[in-house]
Amino acid sequence: MNKLTDKMDRRSFLSRSATIMGGAAVARTAISYDNIAGANDRISLAHIGIGSRGSELDQIAAQLKTSHRVEMTAVCDLWSVNREKAVAANTKYYGRSPRPFQYLEDLLASPDVDAVLISTPEHSHSPILKMVVEAGKDAYVEKPMGNVLAEAKAARDAVLKSHRIVQVGTQHRSEPHLQLAHNLVQSGALGEVSKVEVVWNYHGPRWRGREEVKQIREADTDWRKWLMTKPYRPFDPQIYFEFRLYKEFSSGIADQWMSHGIDLVHWFMGDNLPRSVVAHGGIFAWRDGRENPDTFQALLEYPKGFLVSYATSFGNDSPSFTRYMGKQATLINIGGEGSPRYQLVEERGEDNSSSHKKRAEEYLLLPGEKSMPPTEIDDLSLGHMANWLECMRSRQQPHCTVQDGFAHSVACMMAAQSYWSGKKLYWERATETILDHPVVGAAA
């Protein structure tokens with residue numbers, strides 16, 4: 001038997017996992033609530049921050065209105081245009097109008113709201129999450145969960161104290177192909193993994209050119225409220241809608257893309273906070289006034305003993321991939337964020353000479369799949385939203401907990417701070433502090 005089959009029978013694993021994935025784990029939206037306490041009660045949802053991503057989440061929630069007995073009963077956005085659009089969309093989805101709010105404080109005072117979706121700009125995720133759970137509501141919060149360490153800690157602690165059900169929006173944890181890949185890595189089939197490589201590329205001036213920049217008037221929103229915890233500055237419609245390009249409000253690539261990539265690494269590898277991070281990059285492709293890099297790379301070391309390389313370029317759409325590199329096999333994801341196409345590559349041979357090695361390649365397929373899935377698929381947040389709603393009824397923890405959200409936030413914050421400071425940074429677990437020097441007494 002070869003090294004991989006010494007560890008486990010690969011085909012047996014794939015067959016067994018696929019059978020499991022083909023059952024209840026995949027058919028999340030078809031679950032019956034007949035035996036769950038409170039199953040017949042309608043879940044009253046509210047939504048804070050309804051821009052482009054928020055509109056998508058509204059549509060996703062509406063697809064679950066019957067199977068999961070939910071209704072969007074309130075919407076909240078500082079900008080009047082977004083509020084009006086959200087009211088119109090949800091009236092169409094549910095047959096009656098949700099209550100519109102400009103200010104989240106007024107919405108949170110509503111006793112008939114059970115849970116809140118948060119899809120505001122990134123700098124406000126943690127502060128609003130803290131407010132939501134302290135108001136006694138469950139929450140679905142978009143990633144990153146936070147990009148200021150003190151605020152992310154405060155939000156996490158508030159969630160844990162309140163025992164509210166919080167799902168963080170790294171939705172790939174709820175996707176069947178990725179669950180199958182996770183189970184494979186966790187089985188030990190790859191052997192000892194020493195390196196993970198994530199390369200996700202895009203060709204274009206990402207996040208620049210939003211049409212709303214020309215549409216908004218300061219009188220139609222509340223700029224000071226939008227700033228949340230940030231110091232006052234004069235109204236700037238580009239910052240309002242293209243905030244991902246400005247370092248005070250977002251780290252751009254790290255917050256938006258690396259948050260997904262590193263969350264999957266944490267999940268697959270079972271190691272959720274880096275030991276050290278160093279990052280580099282710059283504005284090499286789109287010199288359009290942006291502050292955040294359009295080309296970015298980070299190296300992260302983890303306590304279990306492996307290195308993660310994350311890289312993104314917005315100046316070239318070279319094929320994207322992820323590789324989990326073990327001593328016995330490599331798991332390759334072909335495509336960018338959320339791609340379901342996974343290939344297991346086993347190295348066979350009686351010795352270490354390359355002339356004796358043979359490659360055994362196999363794709364991870366679900367029951368009923370006769371060919372490889374595409375590398376690009378539609379948004380699969382439906383399963384993630386369904387998982388959250390199910391956990392609201394069962395009071396079990398969802399697929400991406402607040403602890404998971406805190407971990408990916410720390411990794412992304414360290415990468416962003418390393419980029420701006422030019423220093424290698426270290427995580428001190430005991431004090432939950434980011435340091436610019438090695439942790440005293442930490443293992444080498």
# chains A, B, ... in the order shown; residues from 1 in each chain; ligands from 1
call {"tool": "residues_around", "arguments": {"residues": "Ser250 in chain A", "least_positions_apart": "6", "cutoff": "12 Å", "atoms": "only C-alpha atoms", "output": "short mmCIF file (atom, residue, chain, number, x, y, z; two decimals) with C-alpha atoms, in the first residue's frame"}}
result
data_model
loop_
_atom_site.label_atom_id
_atom_site.label_comp_id
_atom_site.auth_asym_id
_atom_site.auth_seq_id
_atom_site.Cartn_x
_atom_site.Cartn_y
_atom_site.Cartn_z
CA THR A 120 -22.69 48.12 6.65
CA PRO A 121 -19.19 49.33 5.67
CA GLU A 122 -16.40 47.36 7.30
CA HIS A 123 -15.33 49.92 9.89
CA SER A 124 -18.76 49.66 11.54
CA HIS A 125 -19.21 45.86 11.65
CA LYS A 143 -16.99 39.82 7.03
CA PRO A 144 -14.57 40.95 8.21
CA MET A 145 -16.10 40.84 11.65
CA GLY A 146 -13.85 43.76 12.56
CA ASN A 147 -10.78 45.69 11.52
CA VAL A 148 -9.92 47.45 14.78
CA TRP A 207 -14.10 49.06 -5.86
CA LYS A 230 -13.82 57.50 13.21
CA ILE A 239 -15.23 57.44 0.86
CA TYR A 240 -18.93 56.81 1.58
CA PHE A 241 -19.29 54.27 -1.23
CA GLU A 242 -15.72 53.34 -2.15
CA PHE A 243 -14.54 52.96 1.45
CA ARG A 244 -12.59 49.79 0.65
CA GLN A 256 -12.43 41.69 1.60
CA TRP A 257 -10.56 38.80 -0.02
CA SER A 259 -10.71 37.29 5.10
CA ARG A 290 -6.74 54.89 -3.79
CA GLU A 291 -4.81 54.45 -0.55
CA ASN A 292 -4.99 50.68 -0.18
CA PRO A 293 -2.78 48.42 -2.33
CA SER A 409 -10.15 39.50 11.70
CA CYS A 412 -6.26 40.37 8.38
CA MET A 413 -5.51 43.17 10.84
CA ALA A 416 -2.74 45.21 7.06
CA GLN A 417 -0.68 46.62 9.92
#
call {"tool": "select_by_dssp", "arguments": {"residues": "range 145-234 of chain A", "states": "strand (DSSP E)", "output": "list in words"}}
result
Val166, Gln167, Val168, Val193, Ser194, Lys195, Val196, Glu197, Val198, Val199, Tyr202 and His203 of chain A
call {"tool": "write_last_selection", "arguments": {"atoms": "N, CA, C and O atoms", "output": "mmCIF file, in the first residue's frame"}}
result
data_model
loop_
_atom_site.group_PDB
_atom_site.id
_atom_site.type_symbol
_atom_site.label_atom_id
_atom_site.label_comp_id
_atom_site.auth_asym_id
_atom_site.auth_seq_id
_atom_site.Cartn_x
_atom_site.Cartn_y
_atom_site.Cartn_z
ATOM 1 N N VAL A 166 -24.720 34.179 16.544
ATOM 2 C CA VAL A 166 -24.102 35.068 15.563
ATOM 3 C C VAL A 166 -23.425 34.238 14.483
ATOM 4 O O VAL A 166 -22.593 33.378 14.779
ATOM 5 N N GLN A 167 -23.800 34.520 13.251
ATOM 6 C CA GLN A 167 -23.154 33.916 12.083
ATOM 7 C C GLN A 167 -22.329 34.989 11.394
ATOM 8 O O GLN A 167 -22.852 36.058 11.059
ATOM 9 N N VAL A 168 -21.050 34.738 11.195
ATOM 10 C CA VAL A 168 -20.189 35.664 10.464
ATOM 11 C C VAL A 168 -20.195 35.252 8.991
ATOM 12 O O VAL A 168 -20.169 34.063 8.662
ATOM 13 N N VAL A 193 0.966 18.802 6.672
ATOM 14 C CA VAL A 193 0.919 19.959 5.770
ATOM 15 C C VAL A 193 1.905 21.004 6.271
ATOM 16 O O VAL A 193 1.836 21.449 7.417
ATOM 17 N N SER A 194 2.824 21.405 5.396
ATOM 18 C CA SER A 194 3.825 22.393 5.782
ATOM 19 C C SER A 194 3.579 23.753 5.154
ATOM 20 O O SER A 194 4.085 24.772 5.654
ATOM 21 N N LYS A 195 2.779 23.787 4.070
ATOM 22 C CA LYS A 195 2.566 25.072 3.407
ATOM 23 C C LYS A 195 1.202 25.095 2.717
ATOM 24 O O LYS A 195 0.753 24.093 2.160
ATOM 25 N N VAL A 196 0.574 26.266 2.783
ATOM 26 C CA VAL A 196 -0.671 26.524 2.052
ATOM 27 C C VAL A 196 -0.444 27.763 1.193
ATOM 28 O O VAL A 196 0.054 28.782 1.686
ATOM 29 N N GLU A 197 -0.783 27.669 -0.079
ATOM 30 C CA GLU A 197 -0.642 28.796 -1.000
ATOM 31 C C GLU A 197 -2.021 29.208 -1.510
ATOM 32 O O GLU A 197 -2.777 28.373 -1.994
ATOM 33 N N VAL A 198 -2.330 30.493 -1.390
ATOM 34 C CA VAL A 198 -3.591 31.045 -1.898
ATOM 35 C C VAL A 198 -3.254 32.187 -2.844
ATOM 36 O O VAL A 198 -2.616 33.167 -2.433
ATOM 37 N N VAL A 199 -3.643 32.060 -4.098
ATOM 38 C CA VAL A 199 -3.414 33.101 -5.103
ATOM 39 C C VAL A 199 -4.749 33.398 -5.783
ATOM 40 O O VAL A 199 -5.279 32.567 -6.513
ATOM 41 N N TYR A 202 -7.453 39.327 -10.058
ATOM 42 C CA TYR A 202 -8.568 40.035 -10.699
ATOM 43 C C TYR A 202 -7.969 41.139 -11.552
ATOM 44 O O TYR A 202 -6.978 41.777 -11.146
ATOM 45 N N HIS A 203 -8.581 41.377 -12.713
ATOM 46 C CA HIS A 203 -8.064 42.431 -13.592
ATOM 47 C C HIS A 203 -9.075 43.564 -13.657
ATOM 48 O O HIS A 203 -10.117 43.450 -14.297
#
call {"tool": "residues_around", "arguments": {"residues": "Ala46 in chain A", "least_positions_apart": "6", "cutoff": "12 Å", "atoms": "only C-alpha atoms", "output": "number ranges by chain"}}
result
A: 54, 57-58, 61, 70-77, 86-87, 90, 98-101, 104, 106-119, 132, 137-140
call {"tool": "write_last_selection", "arguments": {"atoms": "N, CA and C atoms", "output": "tab-separated table (two decimals), in the first residue's frame"}}
result
chain	number	residue	atom	x	y	z
A	54	GLY	N	-25.95	44.18	0.68
A	54	GLY	CA	-27.16	44.09	1.48
A	54	GLY	C	-28.37	43.69	0.67
A	57	LEU	N	-28.24	40.00	0.21
A	57	LEU	CA	-28.65	39.26	1.41
A	57	LEU	C	-30.16	39.29	1.59
A	58	ASP	N	-30.79	40.40	1.26
A	58	ASP	CA	-32.25	40.47	1.33
A	58	ASP	C	-32.88	39.42	0.42
A	61	ALA	N	-32.36	35.91	1.92
A	61	ALA	CA	-33.26	35.65	3.04
A	61	ALA	C	-34.68	35.38	2.54
A	70	VAL	N	-39.52	32.93	7.87
A	70	VAL	CA	-38.91	34.21	8.21
A	70	VAL	C	-39.56	35.33	7.42
A	71	GLU	N	-39.42	36.54	7.93
A	71	GLU	CA	-39.90	37.73	7.22
A	71	GLU	C	-39.02	38.91	7.58
A	72	MET	N	-38.70	39.73	6.59
A	72	MET	CA	-37.97	40.96	6.83
A	72	MET	C	-38.99	42.02	7.24
A	73	THR	N	-38.98	42.36	8.50
A	73	THR	CA	-40.01	43.28	9.02
A	73	THR	C	-39.51	44.70	9.21
A	74	ALA	N	-38.19	44.92	9.11
A	74	ALA	CA	-37.64	46.26	9.27
A	74	ALA	C	-36.35	46.40	8.49
A	75	VAL	N	-36.12	47.56	7.94
A	75	VAL	CA	-34.89	47.85	7.21
A	75	VAL	C	-34.34	49.18	7.69
A	76	CYS	N	-33.00	49.30	7.67
A	76	CYS	CA	-32.37	50.50	8.21
A	76	CYS	C	-31.17	50.88	7.35
A	77	ASP	N	-31.15	52.11	6.91
A	77	ASP	CA	-30.01	52.63	6.17
A	77	ASP	C	-29.99	54.15	6.33
A	86	ALA	N	-34.86	49.26	-0.36
A	86	ALA	CA	-35.03	48.09	0.48
A	86	ALA	C	-36.49	47.85	0.82
A	87	VAL	N	-37.22	48.92	1.08
A	87	VAL	CA	-38.66	48.78	1.35
A	87	VAL	C	-39.36	48.20	0.13
A	90	ASN	N	-38.36	44.36	-0.43
A	90	ASN	CA	-38.92	43.43	0.55
A	90	ASN	C	-40.44	43.40	0.52
A	98	PRO	N	-41.81	46.40	4.99
A	98	PRO	CA	-41.08	46.47	6.26
A	98	PRO	C	-41.06	47.90	6.77
A	99	ARG	N	-40.89	48.06	8.04
A	99	ARG	CA	-40.78	49.40	8.60
A	99	ARG	C	-39.40	49.99	8.27
A	100	PRO	N	-39.35	51.22	7.78
A	100	PRO	CA	-38.05	51.83	7.47
A	100	PRO	C	-37.52	52.64	8.66
A	101	PHE	N	-36.21	52.52	8.91
A	101	PHE	CA	-35.54	53.29	9.95
A	101	PHE	C	-34.29	53.93	9.36
A	104	LEU	N	-30.12	53.09	13.51
A	104	LEU	CA	-30.15	51.73	14.04
A	104	LEU	C	-30.60	51.68	15.49
A	106	ASP	N	-33.04	53.24	16.82
A	106	ASP	CA	-34.51	53.13	16.82
A	106	ASP	C	-34.94	51.72	16.45
A	107	LEU	N	-34.27	51.13	15.49
A	107	LEU	CA	-34.60	49.76	15.09
A	107	LEU	C	-34.36	48.79	16.25
A	108	LEU	N	-33.23	48.93	16.92
A	108	LEU	CA	-32.88	48.00	17.98
A	108	LEU	C	-33.80	48.12	19.19
A	109	ALA	N	-34.50	49.21	19.30
A	109	ALA	CA	-35.45	49.38	20.39
A	109	ALA	C	-36.77	48.66	20.12
A	110	SER	N	-36.92	48.10	18.92
A	110	SER	CA	-38.16	47.41	18.56
A	110	SER	C	-38.17	46.03	19.19
A	111	PRO	N	-39.10	45.73	20.08
A	111	PRO	CA	-39.11	44.43	20.77
A	111	PRO	C	-39.50	43.26	19.89
A	112	ASP	N	-40.13	43.53	18.75
A	112	ASP	CA	-40.61	42.43	17.91
A	112	ASP	C	-39.59	42.00	16.86
A	113	VAL	N	-38.37	42.55	16.89
A	113	VAL	CA	-37.30	42.13	15.98
A	113	VAL	C	-36.48	41.04	16.68
A	114	ASP	N	-36.40	39.88	16.05
A	114	ASP	CA	-35.67	38.75	16.64
A	114	ASP	C	-34.18	38.77	16.30
A	115	ALA	N	-33.87	39.17	15.08
A	115	ALA	CA	-32.49	39.06	14.60
A	115	ALA	C	-32.21	40.11	13.56
A	116	VAL	N	-30.93	40.44	13.42
A	116	VAL	CA	-30.52	41.55	12.56
A	116	VAL	C	-29.41	41.11	11.62
A	117	LEU	N	-29.54	41.47	10.34
A	117	LEU	CA	-28.47	41.32	9.37
A	117	LEU	C	-27.67	42.62	9.34
A	118	ILE	N	-26.34	42.50	9.35
A	118	ILE	CA	-25.46	43.67	9.35
A	118	ILE	C	-24.58	43.62	8.10
A	119	SER	N	-24.79	44.56	7.18
A	119	SER	CA	-23.95	44.62	5.98
A	119	SER	C	-23.58	46.07	5.69
A	132	VAL	N	-26.08	45.29	18.61
A	132	VAL	CA	-27.17	44.38	18.28
A	132	VAL	C	-27.34	43.30	19.35
A	137	LYS	N	-30.62	40.78	20.36
A	137	LYS	CA	-30.95	40.23	19.05
A	137	LYS	C	-29.84	39.29	18.57
A	138	ASP	N	-30.21	38.24	17.86
A	138	ASP	CA	-29.23	37.43	17.14
A	138	ASP	C	-28.75	38.22	15.93
A	139	ALA	N	-27.63	37.79	15.32
A	139	ALA	CA	-27.07	38.59	14.24
A	139	ALA	C	-26.38	37.76	13.18
A	140	TYR	N	-26.46	38.25	11.95
A	140	TYR	CA	-25.66	37.77	10.82
A	140	TYR	C	-24.83	38.97	10.40
call {"tool": "select_by_dssp", "arguments": {"residues": "range 201-375 of chain A", "states": "helix (DSSP H, G or I)", "output": "ChimeraX atom specification"}}
result
/A:212-215,218-220,223-227,237-241,243-245,253-269,354-356
call {"tool": "residues_around", "arguments": {"residues": "Val440 in chain A", "least_positions_apart": "4", "cutoff": "12 Å", "atoms": "only C-alpha atoms", "output": "PDB file with C-alpha atoms, in the first residue's frame"}}
result
ATOM      1  CA  TYR A 426       3.486  38.732  16.190  1.00  0.00           C
ATOM      2  CA  TRP A 427       0.356  37.616  18.039  1.00  0.00           C
ATOM      3  CA  GLU A 428       0.573  37.234  21.790  1.00  0.00           C
ATOM      4  CA  ARG A 429      -2.215  34.870  22.770  1.00  0.00           C
ATOM      5  CA  ALA A 430      -2.043  35.469  26.512  1.00  0.00           C
ATOM      6  CA  LEU A 435       3.439  43.008  18.843  1.00  0.00           C
ATOM      7  CA  ASP A 436       6.287  44.183  16.607  1.00  0.00           C
ATOM      8  CA  ALA A 444      10.541  28.734  18.061  1.00  0.00           C
TER       9      ALA A 444
END
call {"tool": "closest_residue", "arguments": {"among": "A:Asp271, A:Asp255, A:Glu192, A:Glu56", "to": "Tyr324 in chain A", "atoms": "only C-alpha atoms"}}
result
A:Glu192
call {"tool": "closest_residue", "arguments": {"among": "A:Ile262, A:Val402, A:Val345, A:Leu227", "to": "Glu248 in chain A", "atoms": "only C-alpha atoms"}}
result
A:Leu227
